[in-house]
Every structure is written in C-alpha cells, then in structure tokens.
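Visitor: Following this line is work23.cif, made up of mmCIF, C-alpha atoms and all ligand atoms:
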data_upload
#
loop_
_atom_site.label_atom_id
_atom_site.label_comp_id
_atom_site.auth_asym_id
_atom_site.auth_seq_id
_atom_site.Cartn_x
_atom_site.Cartn_y
_atom_site.Cartn_z
CA MET A 19 52.63 -26.66 22.36
CA LYS A 20 48.96 -25.95 22.84
CA SER A 21 47.27 -29.27 22.17
CA THR A 22 50.26 -31.45 22.95
CA PHE A 23 51.40 -33.08 26.20
CA GLY A 24 54.72 -34.72 26.94
CA LYS A 25 58.45 -34.38 26.78
CA ASN A 26 60.00 -37.76 26.03
CA PHE A 27 57.08 -38.81 23.93
CA THR A 28 54.19 -36.56 22.99
CA VAL A 29 50.43 -36.92 22.69
CA SER A 30 48.60 -34.38 20.47
CA LEU A 31 44.81 -34.22 20.38
CA PHE A 32 42.75 -32.86 17.49
CA GLY A 33 39.15 -32.60 16.34
CA GLU A 34 35.76 -31.20 17.23
CA SER A 35 32.59 -32.83 18.51
CA HIS A 36 30.68 -32.35 15.24
CA GLY A 37 33.59 -32.31 12.78
CA PRO A 38 34.32 -35.27 10.51
CA ALA A 39 36.75 -36.94 12.92
CA ILE A 40 38.63 -36.71 16.20
CA GLY A 41 42.03 -38.22 16.85
CA VAL A 42 45.44 -38.32 18.43
CA VAL A 43 49.06 -38.39 17.29
CA ILE A 44 51.55 -40.15 19.56
CA ASP A 45 55.16 -39.33 18.72
CA GLY A 46 58.18 -40.98 20.34
CA LEU A 47 56.91 -44.54 20.67
CA GLN A 48 59.74 -47.04 20.38
CA ALA A 49 59.80 -49.12 17.17
CA GLY A 50 58.69 -52.74 17.47
CA LEU A 51 56.11 -52.42 20.26
CA PRO A 52 53.36 -55.00 19.79
CA LEU A 53 49.92 -53.36 20.14
CA ASP A 54 46.78 -55.25 21.09
CA LEU A 55 44.08 -53.47 19.10
CA ALA A 56 41.32 -55.42 20.88
CA TYR A 57 42.51 -53.90 24.15
CA ILE A 58 42.27 -50.38 22.68
CA ARG A 59 38.74 -51.30 21.52
CA SER A 60 37.80 -52.54 25.01
CA GLN A 61 38.98 -49.30 26.63
CA LEU A 62 37.02 -47.18 24.14
CA ASP A 63 33.96 -49.31 24.90
CA LYS A 64 34.24 -48.50 28.61
CA ARG A 65 34.04 -44.76 27.80
CA ARG A 66 31.30 -45.09 25.21
CA ALA A 67 27.79 -43.85 26.01
CA VAL A 68 25.50 -46.83 26.48
CA GLY A 69 21.99 -46.95 27.95
CA ALA A 70 20.04 -44.49 30.09
CA LEU A 71 22.98 -43.45 32.32
CA SER A 72 24.71 -41.60 29.48
CA THR A 73 23.98 -39.27 26.58
CA ALA A 74 21.61 -40.43 23.85
CA ARG A 75 24.40 -39.61 21.38
CA GLN A 76 25.69 -43.14 21.00
CA GLU A 77 28.79 -43.27 18.82
CA ALA A 78 30.38 -46.55 17.73
CA ASP A 79 33.89 -45.10 18.27
CA GLU A 80 35.41 -47.38 15.63
CA PHE A 81 39.04 -46.37 15.27
CA GLU A 82 41.61 -46.57 12.52
CA ILE A 83 45.39 -46.30 12.88
CA VAL A 84 46.53 -44.43 9.80
CA SER A 85 50.29 -44.22 10.47
CA GLY A 86 53.07 -45.58 12.66
CA PHE A 87 51.81 -49.16 12.85
CA PHE A 88 52.76 -51.98 10.47
CA ASN A 89 52.60 -55.78 10.75
CA GLY A 90 51.23 -55.61 14.30
CA ARG A 91 54.06 -53.45 15.68
CA THR A 92 54.83 -49.76 16.04
CA THR A 93 57.21 -48.45 13.40
CA GLY A 94 58.74 -45.73 15.59
CA THR A 95 57.26 -42.92 13.45
CA PRO A 96 54.26 -40.88 14.67
CA LEU A 97 51.26 -43.08 15.37
CA CYS A 98 48.03 -41.40 14.27
CA LEU A 99 44.69 -42.82 15.38
CA LEU A 100 41.39 -41.55 13.96
CA ILE A 101 37.80 -41.92 15.16
CA THR A 102 35.07 -40.65 12.86
CA ASN A 103 32.07 -38.75 14.28
CA GLN A 104 28.89 -40.38 13.05
CA SER A 105 26.01 -39.34 15.30
CA THR A 106 26.16 -35.54 15.02
CA ARG A 107 22.94 -33.50 15.20
CA SER A 108 24.29 -30.00 14.71
CA ARG A 109 20.89 -28.35 14.28
CA ASP A 110 20.43 -28.72 18.08
CA TYR A 111 23.09 -26.05 18.53
CA GLU A 112 21.94 -23.56 15.87
CA LYS A 113 19.02 -22.04 17.82
CA THR A 114 21.05 -21.49 20.95
CA LYS A 115 24.46 -20.78 19.44
CA ASN A 116 24.78 -17.34 21.05
CA LEU A 117 23.35 -18.47 24.39
CA LEU A 118 26.28 -19.38 26.59
CA ARG A 119 25.86 -22.56 28.60
CA PRO A 120 26.61 -21.89 32.28
CA GLY A 121 29.40 -24.18 33.50
CA HIS A 122 30.53 -25.02 29.95
CA ALA A 123 33.35 -23.52 27.91
CA ASP A 124 31.08 -21.59 25.49
CA TYR A 125 31.93 -18.14 26.91
CA THR A 126 35.65 -18.73 27.40
CA ALA A 127 35.99 -20.27 23.92
CA PHE A 128 34.11 -17.30 22.41
CA VAL A 129 36.53 -14.89 24.07
CA LYS A 130 39.68 -16.83 23.27
CA TYR A 131 38.84 -17.59 19.62
CA GLN A 132 36.85 -14.38 18.91
CA GLY A 133 33.81 -16.31 17.72
CA TRP A 134 35.68 -18.43 15.14
CA GLN A 135 35.46 -21.62 17.21
CA ASP A 136 33.27 -24.55 16.17
CA TYR A 137 30.50 -24.21 18.79
CA ARG A 138 28.57 -27.29 17.66
CA GLY A 139 28.38 -29.79 20.54
CA GLY A 140 31.02 -27.88 22.49
CA GLY A 141 33.48 -28.18 19.58
CA HIS A 142 37.02 -28.88 20.77
CA PHE A 143 35.87 -28.60 24.42
CA SER A 144 33.52 -31.55 24.17
CA GLY A 145 33.96 -34.62 26.36
CA ARG A 146 34.03 -36.41 22.99
CA LEU A 147 37.71 -35.47 22.65
CA THR A 148 38.42 -37.84 25.52
CA ALA A 149 37.83 -40.83 23.19
CA PRO A 150 41.19 -40.44 21.40
CA LEU A 151 42.76 -39.70 24.78
CA VAL A 152 41.51 -43.08 25.99
CA ALA A 153 42.95 -44.73 22.86
CA ALA A 154 46.35 -43.10 23.49
CA GLY A 155 46.15 -44.15 27.13
CA ALA A 156 45.38 -47.72 26.07
CA VAL A 157 48.64 -47.77 24.07
CA CYS A 158 50.56 -46.47 27.11
CA ARG A 159 48.80 -48.86 29.49
CA GLN A 160 49.92 -51.81 27.37
CA ILE A 161 53.53 -50.66 27.52
CA LEU A 162 53.35 -50.13 31.29
CA ALA A 163 51.59 -53.50 31.78
CA SER A 164 54.47 -55.26 29.97
CA HIS A 165 56.63 -53.94 32.84
CA GLY A 166 54.17 -55.12 35.51
CA ILE A 167 52.49 -51.76 36.14
CA VAL A 168 48.72 -51.89 36.55
CA ILE A 169 46.38 -48.88 36.69
CA GLY A 170 42.73 -49.01 37.76
CA SER A 171 39.97 -46.87 39.22
CA HIS A 172 36.59 -47.09 40.90
CA LEU A 173 33.78 -44.63 41.41
CA ALA A 174 34.50 -43.70 45.01
CA LYS A 175 31.39 -41.50 44.95
CA CYS A 176 28.62 -40.71 42.51
CA GLY A 177 25.48 -38.66 43.13
CA GLY A 178 26.35 -38.54 46.84
CA VAL A 179 26.56 -42.37 47.15
CA ALA A 180 29.92 -43.79 48.31
CA ASP A 181 31.53 -47.07 47.22
CA ALA A 182 33.51 -49.32 49.60
CA PRO A 183 37.11 -48.08 49.98
CA LEU A 184 39.97 -49.54 47.93
CA PRO A 185 41.95 -52.10 49.95
CA GLU A 186 45.21 -50.65 51.30
CA GLU A 187 47.28 -53.84 51.34
CA PRO A 188 49.16 -53.91 47.97
CA ALA A 189 48.35 -57.52 46.95
CA ALA A 190 44.63 -57.06 47.78
CA LEU A 191 44.67 -53.72 45.95
CA LEU A 192 46.19 -55.30 42.81
CA ASN A 193 43.50 -57.95 42.94
CA ALA A 194 40.76 -55.31 43.26
CA LEU A 195 42.15 -53.36 40.28
CA GLY A 196 42.03 -56.53 38.18
CA ARG A 197 38.33 -56.93 39.01
CA LEU A 198 37.52 -53.23 38.51
CA ASN A 199 39.22 -53.18 35.11
CA GLU A 200 36.73 -55.79 33.88
CA LEU A 201 33.67 -53.75 34.91
CA ASP A 202 31.73 -51.21 32.86
CA PHE A 203 30.41 -49.45 35.99
CA ALA A 204 33.48 -49.70 38.20
CA VAL A 205 32.48 -50.16 41.84
CA LEU A 206 33.67 -52.54 44.55
CA ASP A 207 30.23 -52.81 46.18
CA ALA A 208 27.57 -53.76 43.61
CA ALA A 209 24.70 -52.58 45.86
CA GLN A 210 26.29 -49.14 46.16
CA GLY A 211 26.75 -49.19 42.37
CA GLN A 212 22.99 -49.76 41.98
CA ALA A 213 22.30 -46.84 44.34
CA MET A 214 24.64 -44.63 42.29
CA GLN A 215 22.80 -45.54 39.10
CA GLN A 216 19.49 -44.72 40.77
CA ALA A 217 20.91 -41.33 41.79
CA ILE A 218 21.94 -40.62 38.18
CA LEU A 219 18.50 -41.60 36.89
CA ALA A 220 16.73 -39.54 39.59
CA ALA A 221 18.72 -36.43 38.63
CA LYS A 222 18.02 -37.09 34.95
CA ALA A 223 14.27 -37.34 35.66
CA GLN A 224 14.49 -33.86 37.18
CA ALA A 225 16.35 -32.48 34.13
CA ASP A 226 19.48 -32.27 36.30
CA SER A 227 22.91 -33.95 36.60
CA VAL A 228 25.25 -35.34 39.29
CA GLY A 229 29.00 -35.43 39.89
CA GLY A 230 31.34 -37.77 41.70
CA VAL A 231 34.82 -38.84 42.65
CA VAL A 232 37.06 -41.31 40.81
CA GLU A 233 39.68 -43.02 42.98
CA THR A 234 42.68 -44.40 41.13
CA ALA A 235 45.57 -46.65 42.11
CA VAL A 236 48.74 -47.68 40.31
CA CYS A 237 50.38 -50.94 41.41
CA GLY A 238 53.82 -52.24 40.46
CA LEU A 239 55.47 -48.85 40.06
CA PRO A 240 59.09 -49.13 41.28
CA ALA A 241 60.58 -46.55 43.64
CA GLY A 242 62.57 -43.77 41.98
CA VAL A 243 60.27 -42.55 39.19
CA GLY A 244 59.55 -38.80 39.01
CA GLU A 245 61.62 -35.65 39.14
CA PRO A 246 61.99 -33.13 41.96
CA PHE A 247 59.87 -29.96 41.89
CA PHE A 248 58.32 -29.25 38.48
CA ASN A 249 58.09 -32.75 37.05
CA SER A 250 57.14 -34.50 40.28
CA VAL A 251 54.76 -37.44 39.91
CA GLU A 252 52.04 -35.26 41.51
CA SER A 253 52.73 -32.29 39.20
CA VAL A 254 52.70 -34.35 36.01
CA LEU A 255 49.61 -36.35 36.93
CA ALA A 256 47.75 -33.26 38.20
CA HIS A 257 48.58 -31.46 34.93
CA LEU A 258 46.99 -34.29 32.97
CA LEU A 259 44.07 -34.87 35.33
CA PHE A 260 43.09 -31.21 35.23
CA SER A 261 43.26 -31.40 31.42
CA VAL A 262 40.26 -33.72 31.45
CA PRO A 263 37.05 -31.71 30.98
CA ALA A 264 34.89 -31.48 34.14
CA VAL A 265 37.74 -32.30 36.57
CA LYS A 266 37.75 -29.74 39.39
CA GLY A 267 39.78 -31.37 42.17
CA VAL A 268 42.65 -33.81 42.69
CA GLU A 269 44.17 -35.13 45.93
CA PHE A 270 46.99 -37.62 46.45
CA GLY A 271 47.06 -40.14 49.31
CA ALA A 272 45.11 -38.83 52.29
CA GLY A 273 45.08 -35.45 50.48
CA PHE A 274 43.14 -32.69 52.24
CA ALA A 275 42.62 -34.91 55.29
CA LEU A 276 46.39 -34.64 55.93
CA ALA A 277 45.82 -31.00 56.86
CA ASP A 278 43.94 -32.08 60.00
CA MET A 279 46.42 -34.78 61.07
CA ARG A 280 49.43 -34.63 63.29
CA GLY A 281 52.80 -35.71 61.90
CA SER A 282 52.54 -38.85 63.99
CA GLN A 283 49.31 -39.72 62.14
CA ALA A 284 50.35 -38.56 58.68
CA ASN A 285 53.74 -40.28 58.42
CA ASP A 286 53.77 -43.75 56.89
CA PRO A 287 55.87 -46.05 59.13
CA MET A 288 58.77 -47.62 57.19
CA ARG A 289 59.84 -51.29 57.27
CA VAL A 290 62.10 -53.60 55.29
CA ASP A 291 61.12 -57.15 54.25
CA ALA A 292 63.28 -60.30 54.12
CA ALA A 293 64.26 -59.53 50.50
CA GLY A 294 65.57 -56.08 51.49
CA ARG A 295 62.61 -54.23 49.95
CA ILE A 296 61.62 -51.07 51.78
CA TYR A 297 57.89 -50.53 52.22
CA THR A 298 55.50 -48.57 54.45
CA THR A 299 52.75 -50.05 56.60
CA SER A 300 50.27 -47.31 55.62
CA ASN A 301 50.05 -45.19 52.46
CA ARG A 302 48.79 -41.76 53.47
CA ASN A 303 51.38 -40.14 51.18
CA GLY A 304 49.89 -41.96 48.19
CA GLY A 305 53.15 -43.67 47.14
CA ILE A 306 55.01 -40.39 46.51
CA ASN A 307 57.66 -38.56 48.57
CA GLY A 308 59.55 -35.55 47.25
CA GLY A 309 57.73 -35.96 43.95
CA ILE A 310 59.31 -39.40 43.44
CA SER A 311 57.58 -42.78 43.66
CA ASN A 312 58.46 -44.68 46.85
CA GLY A 313 57.47 -48.15 45.65
CA MET A 314 54.05 -48.18 47.36
CA PRO A 315 50.93 -47.94 45.17
CA ILE A 316 50.22 -44.46 43.83
CA VAL A 317 46.74 -43.49 45.05
CA PHE A 318 44.75 -40.36 44.18
CA ARG A 319 41.19 -39.09 43.91
CA THR A 320 39.73 -36.89 41.19
CA ALA A 321 36.56 -34.82 41.66
CA ILE A 322 34.30 -34.62 38.60
CA LYS A 323 31.62 -31.95 38.52
CA PRO A 324 28.01 -32.56 37.45
CA THR A 325 27.44 -32.27 33.71
CA PRO A 326 26.98 -28.56 32.94
CA SER A 327 24.41 -29.06 30.14
CA ILE A 328 21.18 -29.65 32.05
CA TYR A 329 17.67 -29.36 30.67
CA GLN A 330 16.26 -26.99 33.30
CA PRO A 331 15.82 -23.36 32.22
CA GLN A 332 18.93 -21.40 33.24
CA GLN A 333 19.94 -17.77 33.44
CA THR A 334 22.50 -16.87 30.83
CA VAL A 335 23.66 -14.20 28.42
CA ASP A 336 23.09 -13.83 24.70
CA PHE A 337 26.65 -13.22 23.56
CA ALA A 338 25.71 -11.57 20.27
CA ALA A 339 23.01 -9.28 21.73
CA LYS A 340 24.96 -8.73 24.98
CA ALA A 341 21.67 -9.17 26.84
CA ASN A 342 20.48 -11.32 29.69
CA ALA A 343 18.56 -14.32 28.45
CA GLU A 344 17.05 -17.64 29.46
CA LEU A 345 18.52 -20.86 28.11
CA GLN A 346 16.63 -24.07 27.46
CA ILE A 347 19.31 -26.49 26.30
CA GLN A 348 18.74 -28.66 23.23
CA GLY A 349 21.16 -31.41 22.26
CA ARG A 350 22.02 -34.72 23.92
CA HIS A 351 23.94 -34.84 27.20
CA ASP A 352 25.19 -37.14 29.93
CA PRO A 353 23.25 -36.97 33.21
CA ALA A 354 26.60 -37.82 34.85
CA ILE A 355 30.17 -37.79 33.58
CA VAL A 356 31.96 -39.64 36.36
CA HIS A 357 31.26 -43.24 35.20
CA ARG A 358 32.50 -42.45 31.67
CA ALA A 359 35.44 -40.37 32.88
CA ARG A 360 36.95 -43.20 34.91
CA VAL A 361 38.79 -44.78 31.92
CA VAL A 362 39.82 -41.30 30.80
CA ILE A 363 41.48 -40.84 34.22
CA ASP A 364 43.22 -44.21 33.84
CA ALA A 365 44.35 -43.19 30.33
CA VAL A 366 45.90 -39.85 31.29
CA THR A 367 47.58 -41.54 34.27
CA ALA A 368 49.23 -43.99 31.87
CA ILE A 369 50.32 -41.17 29.55
CA GLY A 370 51.93 -39.23 32.41
CA LEU A 371 53.65 -42.23 33.95
CA LEU A 372 55.03 -43.38 30.60
CA ASP A 373 56.55 -39.94 30.04
CA LEU A 374 58.12 -40.03 33.53
CA PHE A 375 59.41 -43.54 32.90
CA CYS A 376 61.03 -42.45 29.66
CA GLU A 377 62.61 -39.55 31.59
CA ALA A 378 64.02 -42.00 34.14
CA TYR A 379 65.07 -44.89 31.85
CA GLY A 380 65.07 -43.53 28.28
CA THR A 381 62.63 -44.04 25.41
CA ASN A 382 64.16 -47.43 24.60
CA TRP A 383 62.88 -48.72 27.91
CA GLN A 384 59.39 -48.99 26.39
CA LEU A 385 59.94 -52.38 24.70
CA ASN A 386 60.33 -55.06 27.36
CA ASN A 387 62.87 -57.28 25.58
CA GLU A 388 62.41 -60.07 28.09
CA GLU A 389 58.82 -60.41 26.94
CA ASN A 390 59.09 -59.85 23.20
C1 LIG A 401 33.53 -38.28 29.22
C2 LIG A 401 32.96 -36.89 29.32
C3 LIG A 401 31.68 -36.64 28.88
C4 LIG A 401 31.13 -35.35 28.97
N1 LIG A 401 29.84 -35.17 28.55
C5 LIG A 401 29.31 -33.91 28.63
C6 LIG A 401 27.97 -33.67 28.18
O1 LIG A 401 27.27 -34.58 27.71
N2 LIG A 401 27.50 -32.41 28.27
C7 LIG A 401 28.21 -31.38 28.82
O2 LIG A 401 27.75 -30.25 28.91
N3 LIG A 401 29.48 -31.59 29.26
C8 LIG A 401 30.04 -32.82 29.17
N4 LIG A 401 31.33 -33.02 29.61
C9 LIG A 401 32.03 -31.93 30.32
C10 LIG A 401 32.43 -30.74 29.47
O3 LIG A 401 33.21 -31.15 28.37
C11 LIG A 401 33.18 -29.73 30.35
O4 LIG A 401 32.47 -29.47 31.52
C12 LIG A 401 33.40 -28.42 29.60
O5 LIG A 401 34.32 -28.62 28.56
C13 LIG A 401 33.92 -27.30 30.51
O6 LIG A 401 35.16 -27.65 31.07
P1 LIG A 401 35.39 -27.65 32.66
O7 LIG A 401 34.19 -28.31 33.26
O8 LIG A 401 36.64 -28.46 32.85
O9 LIG A 401 35.53 -26.22 33.08
C14 LIG A 401 31.90 -34.30 29.52
C15 LIG A 401 33.21 -34.56 29.94
C16 LIG A 401 33.75 -35.84 29.86
C17 LIG A 401 35.14 -36.10 30.36
#
Would you mind giving the structure from this file in structure tokens?
Guide:
Amino acid sequence: MKSTFGKNFTVSLFGESHGPAIGVVIDGLQAGLPLDLAYIRSQLDKRRAVGALSTARQEADEFEIVSGFFNGRTTGTPLCLLITNQSTRSRDYEKTKNLLRPGHADYTAFVKYQGWQDYRGGGHFSGRLTAPLVAAGAVCRQILASHGIVIGSHLAKCGGVADAPLPEEPAALLNALGRLNELDFAVLDAAQGQAMQQAILAAKAQADSVGGVVETAVCGLPAGVGEPFFNSVESVLAHLLFSVPAVKGVEFGAGFALADMRGSQANDPMRVDAAGRIYTTSNRNGGINGGISNGMPIVFRTAIKPTPSIYQPQQTVDFAAKANAELQIQGRHDPAIVHRARVVIDAVTAIGLLDLFCEAYGTNWQLNNEEN
C-alpha cells in the first residue's frame, strides 16, 4: 500500500500542502482506548512553525477527529483525523512551477506522476504532511506510555553546534527525556541551544539553511520486542525514519563509530541485578541485538539535511522547456527543519514500536486494563 504503513495496525497519510486539508487514518486501534486530545494538541504545537526560526507560513493546525472516536474513547473502527490548510499562498508557486527546486522532490514527482501532481508548496511531498503523522504518533505514544514506554529526542546537532550528550544511565536518561519532552527547542544545554538558534538565524540572513542531527531514546521497552531479519526493530524504525522528508541518515547505538572499534570495545558487558534482570553496563548496541530489544534503552540518531528551498539563486532546469535556467525561489520556507522534525521522529518511532508490540502481544495488548 503506497501511502500506508503497518501490519497489525495501519497508518495512512493523505493530503497536499495547498489542498483543503491533510490527514491520517489509523486502522486497527483497539476499542475503548482513552485518548487525551490535549496531548495530541501539545505534540502538534511542538511541530508548528513559530517565530523567526521557522517558515513564515504559520498554520494553527487545529485538528478534528471525524471517525473512530466516541465518548472520549476509540470505537475500534478507523480513526480519521483532519487538519485544514488555512495559510496557503499558491500564487508563489505559479511563476516557478516548471523550475525544479534542487534538493526537493519537484523533479522526481514530475517524472513519477507525469505532471499531474499538485506542485503547489511541494504538494504531497511537503513537510506539512508530517503534521498528521505527529497526530498519529501522539495517539501511539499515549498507548505506549500507558505501558511505561517513554520516547524523547534532543537536537544533538544543529547548524554545526552540538548539544551535551544524552545520559547513558537508564534512570538519568528517563529523567532527561521527561525534561526534553516539555521543551519547544529540545536541547540539554540551553547555551548550546542559543548557539544553534543563532546559527539558524545566521544562515537565514544569508538566504541559506542548515541541517542537524536528532538523537532519540526509548525507555521502558521490555526485552523481546522485534522480529528477526526483515521486521527487526532497526528495520522497522529505519523504514519509518527514512519516510520523513529530509532524513538522509540513521544510526543505532554507536552506529558508524562501531566500524572503528574492536569487539572488546563494541560489546556491551552483561550483568544481572538482584531482581534477576539482565542489563548491560554500556549501550553501544542501542538496546537491540538480533533485531530484538534487549531491555536497555533504544538509542538512535537521525541526520536531517538543510532545507532545500533556499532564497539564493540556484542552477536548475525548466522542465517544460527542457532548458537550463536560474531559480529564485518564492514561497515561505524553514531556514532549518531539524527543530521541527524532532517530534516527527518521536511520532514515527511510536508508530513503529506500537506495530511491533502488536506483533509480539496482539492488538488487544493496546488497552492497559490495569490502568483503565
Ligand atoms: C517538518 C518539516 C518541514 C519542512 N519544511 C520545508 C520547507 O519549508 N521547505 C522545503 O523546501 N522543504 C521542507 N522540508 C523538506 C522537504 O519536504 C523534503 O526535503 C522534500 O520533500 C524532499 O525529500 P528528501 O529531502 O527526503 O529527499 C520539510 C520537512 C519537514 C520534515
């Protein structure tokens, strides 16, 4: 299914940047799940463009659930959530509609859809489509949280400025995730966060953009989740992470650095505590062995490229005339994506883990009967 992810429950995305609405259908949610709509709202707010660090297209992202939700609980039938587009300015795209934006999906969409695609604002390829993804992720995060599973991210790097590292010790890490999840600009070191914001503004002043790295951790995940080979935790999460526009790299645990280590440095020493729980004293494998969670936090990093739509003149091609051309982009764009993408990363992580959980324990695992 082209615009659908999932096996045990599915998430289907629809809409275009300048169409009337964007949205998501989640099928396979258990009946009777209580949903906190204010939490969904808060997650959408963390992705929303606000202030000088993001695009001047500032959408309210008010959402409406039009099916699958009644009297505060899921009904078990498909849940459809809609967000209307309100701040479209399609004329910005008319003048340059045949001029392909380097780094964007204009050329590939033209080829794939033979020119029938909605090109306004990037159409279906717009970062705007990540708003319903965040809403779907917020539903999944609530279900996972009712089972003690917490997901959170920080901007490990932005515009070349690095944040402090996430703590390795699981209790300290859980604590850090709690703090990060409250922040709009998610960094552990506020001074580094200021420097990142300066780097974004400096690039913007030069009609340019910056990229960065989002580092994510999942705490409370029991050992034994994930399937061997094709539905390993890494495969499923990487599938989803690479589905997010502008993501160009993913590494789990120590990732590429493992390639330069010896086995004696890469292996995580194993221990057992007084309660019989097996743990490791380091986490270079990122909480996954053989594609299956080992009970340590899942840790991974996602590289986000600089926003492709920059305001400097660029070499391109006029697709209609089949001639070389110069592009001066109109429209409204983010000078950086990474700070807005962080909740999108958390959201797709929740979607992937919920699907793997349902694979391991069945769809009726979703409702935590001890809590409700
Ligand atoms: C939250 C978010 C916001 C984005 N904002 C913009 C933007 O303002 N302008 C732009 O050109 N691309 C933006 N993008 C990235 C493009 O959608 C993306 O680069 C494009 O679809 C091409 O896909 P690719 O980079 O994965 O190859 C954004 C992506 C995300 C996740």
Visitor: Report, in Å with one decimal, the straight-line distance from CA of Leu62 (chain A) to CA of Asp79 (chain A).
Guide: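 Computed distance, CA of Leu62 (chain A) to CA of Asp79 (chain A), equals 7.0 Å.
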Visitor: List as a CSV table (one decimal) with C-alpha atoms, keeping the file's coordinate frame the protein and nucleic acid residues near Gly90 (chain A), meaning an atom at most 9 Å away when only C-alpha atoms are counted, but skip any in the same chain fewer than 4 places from it.
Guide:
chain,number,residue,atom,x,y,z
A,50,GLY,CA,58.7,-52.7,17.5
A,51,LEU,CA,56.1,-52.4,20.3
A,52,PRO,CA,53.4,-55.0,19.8
A,53,LEU,CA,49.9,-53.4,20.1
A,54,ASP,CA,46.8,-55.2,21.1
A,55,LEU,CA,44.1,-53.5,19.1
Visitor: Please return as a VMD selection string the residues found within 8 Å of ligand LIG 401 (chain A), counting only C-alpha atoms and all ligand atoms.
Guide: chain A and resid 65 72 to 73 119 121 to 123 140 143 to 146 148 to 149 260 to 266 323 325 to 328 350 to 356 358 to 359 362
Visitor: Would you list the contacts of region 59-61 of chain A as a CSV table (one decimal) with C-alpha atoms, keeping the file's coordinate frame, taking every protein, DNA or RNA residue within 9 Å and counting only C-alpha atoms, but skipping same-chain residues closer than 5 positions in sequence?
Guide:
chain,number,residue,atom,x,y,z
A,54,ASP,CA,46.8,-55.2,21.1
A,66,ARG,CA,31.3,-45.1,25.2
A,79,ASP,CA,33.9,-45.1,18.3
A,80,GLU,CA,35.4,-47.4,15.6
A,81,PHE,CA,39.0,-46.4,15.3
A,152,VAL,CA,41.5,-43.1,26.0
A,153,ALA,CA,43.0,-44.7,22.9
A,155,GLY,CA,46.2,-44.2,27.1
A,156,ALA,CA,45.4,-47.7,26.1
A,361,VAL,CA,38.8,-44.8,31.9
A,365,ALA,CA,44.4,-43.2,30.3
Visitor: Give me the residues near region 283-292 of chain A as a PyMOL selection string, where near means some atom within 10 Å (using only C-alpha atoms) and where sequence neighbours in that chain fewer than 3 positions away do not count.
Guide: chain A and resi 272+275-280+295-305
Visitor: Find the spatial neighbours of His165 (chain A), counting all atoms listed in the file, within a cut-off of 12 Å - ignore same-chain residues fewer than 2 positions away - and output them as a list in words.
Guide: Cys158, Arg159, Gln160, Ile161, Leu162, Ala163, Ile167, Val168, Cys237, Gly238, Leu239, Pro240, Leu372, Phe375, Trp383, Gln384, Leu385, Asn386, Asn387, Glu388, Glu389 and Asn390 of chain A
